[in-house]
Structures are given as structure tokens and as C-alpha cells.
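**Q** Have a look at the structure that comes next, please.
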Amino acid sequence: MEDAQTKAYETHAYILAVIPPKVTFRNTRPRGETVIQAVGEDYFTLLELIPRKGMRVHPQERVSIEKNSRGKIERVKRRIFYDDLAPESEEVLPLVIEIIVTKHEMKYVEFFNKAPPITTRMHSLQLLPGIGQTLMWAILEERKKSPFTSFDDIASRTKLQNPKKVIRERILAELQEDVKRWLFVKPPRRDDSRNGKEKHRRKR
């Protein structure tokens with residue numbers, strides 16, 4: 001999954017927050033430009049977007065970010081990281097992730113159907129929060145009988161009561177870079193100097 005996402009690009013994103021230009025104490029005119037913090041729909045890439053003049057967007061709104069789009073977004077300014085999120089973006093992020101996971105339910109149900117072993121002692125299902133060896137085997141046995149068809153189907157046939165929440169929490173952990181393997185999020189690319197600073201910051 002990592003290799004497939006390395007060269008992939010987002011085509012749509014969900015708005016997390018609109019950050020207006022800053023107003024300084026000595027200068028009442030706003031400085032800079034309005035930017036939007038958003039998360040990509042396919043690979044959960046955190047992005048900073050520039051809206052078209054006169055366009056209004058709101059949190060949880062889905063927008064096109066393709067280059068030739070005539071939508072509300074003028075351009076993608078840059079990729080950002082979890083540590084760059086404004087408090088209002090961080091607050092709405094779990095809800096937006098759940099919206100995306102709900103919309104693309106079968107994509108994540110297929111993960112339960114097709115997730116492979118990582119090593120002879122570790123299965124990729126065990127990377128999901130709350131899934132230990134016993135529950136992993138139960139999921140594997142059930143999917144042998146017939147593929148899962150929905151989150152509700154997974155919950156009714158196994159002891160995993162809220163598969164959607166499990167997926168959401170894993171995606172959040174990947175965005176926070178609190179993982180060693182990537183399942184759903186496009187792996188971040190940081191330069192070495194920033195990477196070291198951010199790791200130090202998260203450990204404090």
C-alpha cells in the first residue's frame with residue numbers, strides 16, 4: 001500500500017478550517033492571505049489550500065483540488081503535517097475522517113477481507129487498535145467462510161464492535177506519525193532537519 005501511494009495525488013479534499021490573514025497590533029490591515037487547512041479524500045494527505053477570490057467554504061465541505069478544476073480552490077499551496085494544524089482543524093479532523101471512511105466504507109471493509117500477514121508472527125490486522133491475536137484469528141476464520149460486506153457485517157460476525165472507529169483511530173495515529181507502518185495514509189516526507197525537530201517536539 002505504501003508503494004502505491006508514493007506517486008499518488010489527491011483529487012478531492014475535505015475542509016478542516018479556514019485560516020484568515022493575521023492582523024498585527026500596529027497594522028489593522030490583514031497581512032498575508034486566507035488559507036484553508038484540509039485533508040485529502042484518498043490518502044488523508046494534510047494540505048494547505050488557497051481559495052479563489054470571493055469563494056466561501058466551510059468545515060467538512062468536499063472540494064476539488066485538481067489543477068484544472070474551476071471549483072472553489074485556486075491551488076494547493078503545500079503539504080502540511082499534523083503539528084501544523086490549527087486547533088480548530090485538529091478538533092474537526094476525527095469527524096472528517098469518519099465522514100470519509102463512511103463514504104468509502106467498502107474500501108475499508110476490503111482491508112478486513114484482504115489484509116495480509118506482515119511476518120510469520122505478525123498480521124497487518126493487528127496494526128489496528130484493539131485487535132489482538134484472538135480477534136485476528138476470529139476475523140480470518142470468518143472471512144474464509146465468506147467475505148465481509150459492511151462494517152455492520154464485521155461487527156455481527158466478530159467481537160469487533162465498532163470497525164469504523166477502529167479504522168478512524170488508526171488513520172489518526174498515522175497522521176500523528178505515531179506508527180512504524182502505514183496502512184491508509186500517504187507516508188509523510190520530511191527533510192532530515194525538520195524530522196529531527198518534530199520527533200523531539202512530540203517526545204516532550
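Ordering of the C-alpha cells sets the chain letters (A, B, ...), residue numbers begin anew at 1 in every chain, and ligands are numbered from 1 in the order given.
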Just want the 7 Å neighbourhood of Glu61 (chain A), counted on only C-alpha atoms, with same-chain residues fewer than 2 positions away dropped. Output as a PyMOL selection string.

**A** chain A and resi 14-15+57-59+63

**Q** Tell me which protein, DNA and RNA residues are within 9 Å of Asp42 (chain A), counting only C-alpha atoms, leaving out same-chain ones fewer than 5 positions away, and put them as JSON, numbers by chain.

**A** {"A": [9, 10, 11, 12, 13, 100, 184, 185, 186]}

**Q** Create the file for the chosen residues now, containing C-alpha atoms and written as an mmCIF file, in the first residue's frame.

**A**
data_model
loop_
_atom_site.group_PDB
_atom_site.id
_atom_site.type_symbol
_atom_site.label_atom_id
_atom_site.label_comp_id
_atom_site.auth_asym_id
_atom_site.auth_seq_id
_atom_site.Cartn_x
_atom_site.Cartn_y
_atom_site.Cartn_z
ATOM 1 C CA TYR A 9 -2.112 12.535 -5.797
ATOM 2 C CA GLU A 10 -5.287 13.708 -4.166
ATOM 3 C CA THR A 11 -8.096 14.951 -6.411
ATOM 4 C CA HIS A 12 -10.529 15.984 -3.677
ATOM 5 C CA ALA A 13 -10.186 17.163 -0.107
ATOM 6 C CA ILE A 100 -14.577 9.881 4.538
ATOM 7 C CA PHE A 184 -4.165 4.171 4.928
ATOM 8 C CA VAL A 185 -2.234 7.457 4.969
ATOM 9 C CA LYS A 186 0.271 8.589 2.375
#

**Q** Write down as a VMD selection string the residues belonging to region 46-199 of chain A that are assigned helix (DSSP H, G or I) by DSSP computed on the backbone.

**A** chain A and resid 82 to 84 87 to 103 105 to 114 124 to 127 133 to 145 151 to 157 163 to 175 192 to 199

**Q** Using only C-alpha atoms, which residues sit within 10 Å of region 47-52 of chain A once same-chain residues fewer than 3 positions away are excluded, as number ranges by chain?

**A** A: 10, 13-19, 33-40, 44, 55-57, 65, 70-82, 84-85

**Q** Do you know which residues are at most 9 Å from Leu127 (chain A) counting only C-alpha atoms, after dropping those on the same chain fewer than 4 positions away, and could you put them as a PyMOL selection string?

**A** chain A and resi 122-123+131-132+170+181+183

**Q** From region 1-199 of chain A, collect each residue whose DSSP state is strand (DSSP E) and return the set as a tab-separated table (two decimals) with N, CA and C atoms, in the first residue's frame.

**A**
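Full text of selection-v3.tsv as output:
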chain	number	residue	atom	x	y	z
A	12	HIS	N	-9.53	15.29	-4.49
A	12	HIS	CA	-10.53	15.98	-3.68
A	12	HIS	C	-10.08	16.01	-2.22
A	13	ALA	N	-10.55	17.02	-1.51
A	13	ALA	CA	-10.19	17.16	-0.11
A	13	ALA	C	-11.39	17.66	0.67
A	14	TYR	N	-11.35	17.46	1.97
A	14	TYR	CA	-12.39	17.96	2.86
A	14	TYR	C	-11.81	19.09	3.71
A	15	ILE	N	-12.55	20.16	3.80
A	15	ILE	CA	-12.11	21.34	4.55
A	15	ILE	C	-12.10	21.04	6.05
A	16	LEU	N	-11.01	21.41	6.70
A	16	LEU	CA	-10.92	21.32	8.15
A	16	LEU	C	-11.19	22.69	8.79
A	17	ALA	N	-10.50	23.72	8.28
A	17	ALA	CA	-10.67	25.06	8.84
A	17	ALA	C	-10.20	26.10	7.84
A	18	VAL	N	-10.77	27.28	7.93
A	18	VAL	CA	-10.36	28.43	7.13
A	18	VAL	C	-9.57	29.37	8.04
A	19	ILE	N	-8.32	29.64	7.67
A	19	ILE	CA	-7.45	30.47	8.49
A	19	ILE	C	-7.32	31.84	7.83
A	35	VAL	N	-5.92	31.08	4.02
A	35	VAL	CA	-5.55	29.72	3.64
A	35	VAL	C	-6.55	28.74	4.26
A	36	ILE	N	-6.64	27.60	3.64
A	36	ILE	CA	-7.54	26.55	4.10
A	36	ILE	C	-6.72	25.34	4.49
A	37	GLN	N	-6.99	24.78	5.64
A	37	GLN	CA	-6.39	23.51	6.01
A	37	GLN	C	-7.40	22.41	5.68
A	38	ALA	N	-6.91	21.37	5.03
A	38	ALA	CA	-7.80	20.32	4.54
A	38	ALA	C	-7.11	18.97	4.59
A	39	VAL	N	-7.90	17.92	4.41
A	39	VAL	CA	-7.37	16.56	4.38
A	39	VAL	C	-7.85	15.88	3.10
A	40	GLY	N	-6.93	15.21	2.40
A	40	GLY	CA	-7.27	14.55	1.15
A	40	GLY	C	-8.20	13.38	1.35
A	46	LEU	N	-2.55	15.82	4.51
A	46	LEU	CA	-2.91	17.11	5.10
A	46	LEU	C	-2.36	18.21	4.20
A	47	LEU	N	-3.21	19.17	3.85
A	47	LEU	CA	-2.86	20.16	2.85
A	47	LEU	C	-3.23	21.57	3.28
A	48	GLU	N	-2.52	22.53	2.70
A	48	GLU	CA	-2.86	23.94	2.83
A	48	GLU	C	-3.30	24.42	1.45
A	49	LEU	N	-4.49	24.96	1.35
A	49	LEU	CA	-5.08	25.35	0.08
A	49	LEU	C	-5.31	26.86	0.02
A	50	ILE	N	-5.31	27.40	-1.19
A	50	ILE	CA	-5.64	28.80	-1.41
A	50	ILE	C	-6.98	28.86	-2.13
A	51	PRO	N	-7.97	29.52	-1.54
A	51	PRO	CA	-9.29	29.59	-2.19
A	51	PRO	C	-9.30	30.64	-3.30
A	62	ARG	N	-16.56	19.17	0.90
A	62	ARG	CA	-15.70	18.46	-0.04
A	62	ARG	C	-15.43	19.37	-1.24
A	63	VAL	N	-14.16	19.53	-1.61
A	63	VAL	CA	-13.79	20.40	-2.72
A	63	VAL	C	-12.82	19.68	-3.65
A	64	SER	N	-12.86	20.09	-4.93
A	64	SER	CA	-11.91	19.57	-5.90
A	64	SER	C	-10.60	20.32	-5.78
A	73	ILE	N	-11.29	26.12	-5.15
A	73	ILE	CA	-9.88	26.16	-4.76
A	73	ILE	C	-9.01	26.61	-5.93
A	74	GLU	N	-8.21	27.64	-5.69
A	74	GLU	CA	-7.31	28.14	-6.73
A	74	GLU	C	-6.12	27.23	-6.91
A	75	ARG	N	-5.53	26.80	-5.79
A	75	ARG	CA	-4.34	25.93	-5.88
A	75	ARG	C	-4.04	25.29	-4.54
A	76	VAL	N	-3.25	24.25	-4.58
A	76	VAL	CA	-2.69	23.65	-3.37
A	76	VAL	C	-1.40	24.39	-3.06
A	77	LYS	N	-1.32	24.98	-1.90
A	77	LYS	CA	-0.13	25.74	-1.53
A	77	LYS	C	1.01	24.82	-1.11
A	78	ARG	N	0.72	23.88	-0.24
A	78	ARG	CA	1.76	22.98	0.25
A	78	ARG	C	1.15	21.84	1.03
A	79	ARG	N	1.96	20.82	1.24
A	79	ARG	CA	1.58	19.75	2.16
A	79	ARG	C	1.97	20.18	3.57

**Q** So which residues touch Lys180 (chain A) within 12 Å, counting only C-alpha atoms, skipping near sequence neighbours fewer than 5 positions away, as a list in words?

**A**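 What passes the distance filter is Glu2, Ser124, Leu127, Arg170, Ala173, Glu174, Leu175, Pro187 and Pro188 of chain A.
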
**Q** Measure the distance from CA of Ile97 (chain A) to CA of Asn162 (chain A) in Å and round it to one decimal.

**A** 14.8 Å

**Q** Tell me, as an mmCIF file with C-alpha atoms, in the first residue's frame, which residues lie within 8 Å of region 149-158 of chain A, counting only C-alpha atoms; anything in the same chain fewer than 6 positions away does not count.

**A**
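Contents of result02.cif, freshly written:
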data_model
loop_
_atom_site.group_PDB
_atom_site.id
_atom_site.type_symbol
_atom_site.label_atom_id
_atom_site.label_comp_id
_atom_site.auth_asym_id
_atom_site.auth_seq_id
_atom_site.Cartn_x
_atom_site.Cartn_y
_atom_site.Cartn_z
ATOM 1 C CA GLU A 105 -16.971 2.001 3.534
ATOM 2 C CA MET A 106 -16.280 -0.859 1.119
ATOM 3 C CA VAL A 109 -14.203 -3.412 4.551
ATOM 4 C CA LEU A 135 -9.637 -11.340 17.483
ATOM 5 C CA ALA A 138 -11.636 -14.778 14.547
ATOM 6 C CA ILE A 139 -11.648 -12.272 11.669
ATOM 7 C CA GLU A 142 -14.939 -15.543 9.349
ATOM 8 C CA LYS A 164 -15.399 2.255 11.659
#

**Q** Measure the distance from CA of Val179 (chain A) to CA of Gln126 (chain A) in Å and round it to one decimal.

**A**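 Spanning CA of Val179 (chain A) to CA of Gln126 (chain A) is a straight-line distance of 12.6 Å.
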
**Q** Could you jot down the CA of Gly130 (chain A) to CA of Ile171 (chain A) separation for me, Å, one decimal place?

**A**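 Going from CA of Gly130 (chain A) over to CA of Ile171 (chain A), I get 13.9 Å.
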
**Q** Check the smallest atom-to-atom distance from each of A:Met136, A:Lys144, A:Val166, A:Gln176 to Pro117 (chain A) using only C-alpha atoms, then report the winner.

**A**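 Smallest separation from Pro117 (chain A) among the options: A:Met136.
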
**Q** If we count only C-alpha atoms and set the cut-off at 9 Å, which residues sit around Ile167 (chain A), ignoring sequence neighbours fewer than 4 positions away in its own chain? Please answer as an MDAnalysis selection string.

**A** chainID A and resid 98 101 108 128:129 162:163 171:172 184
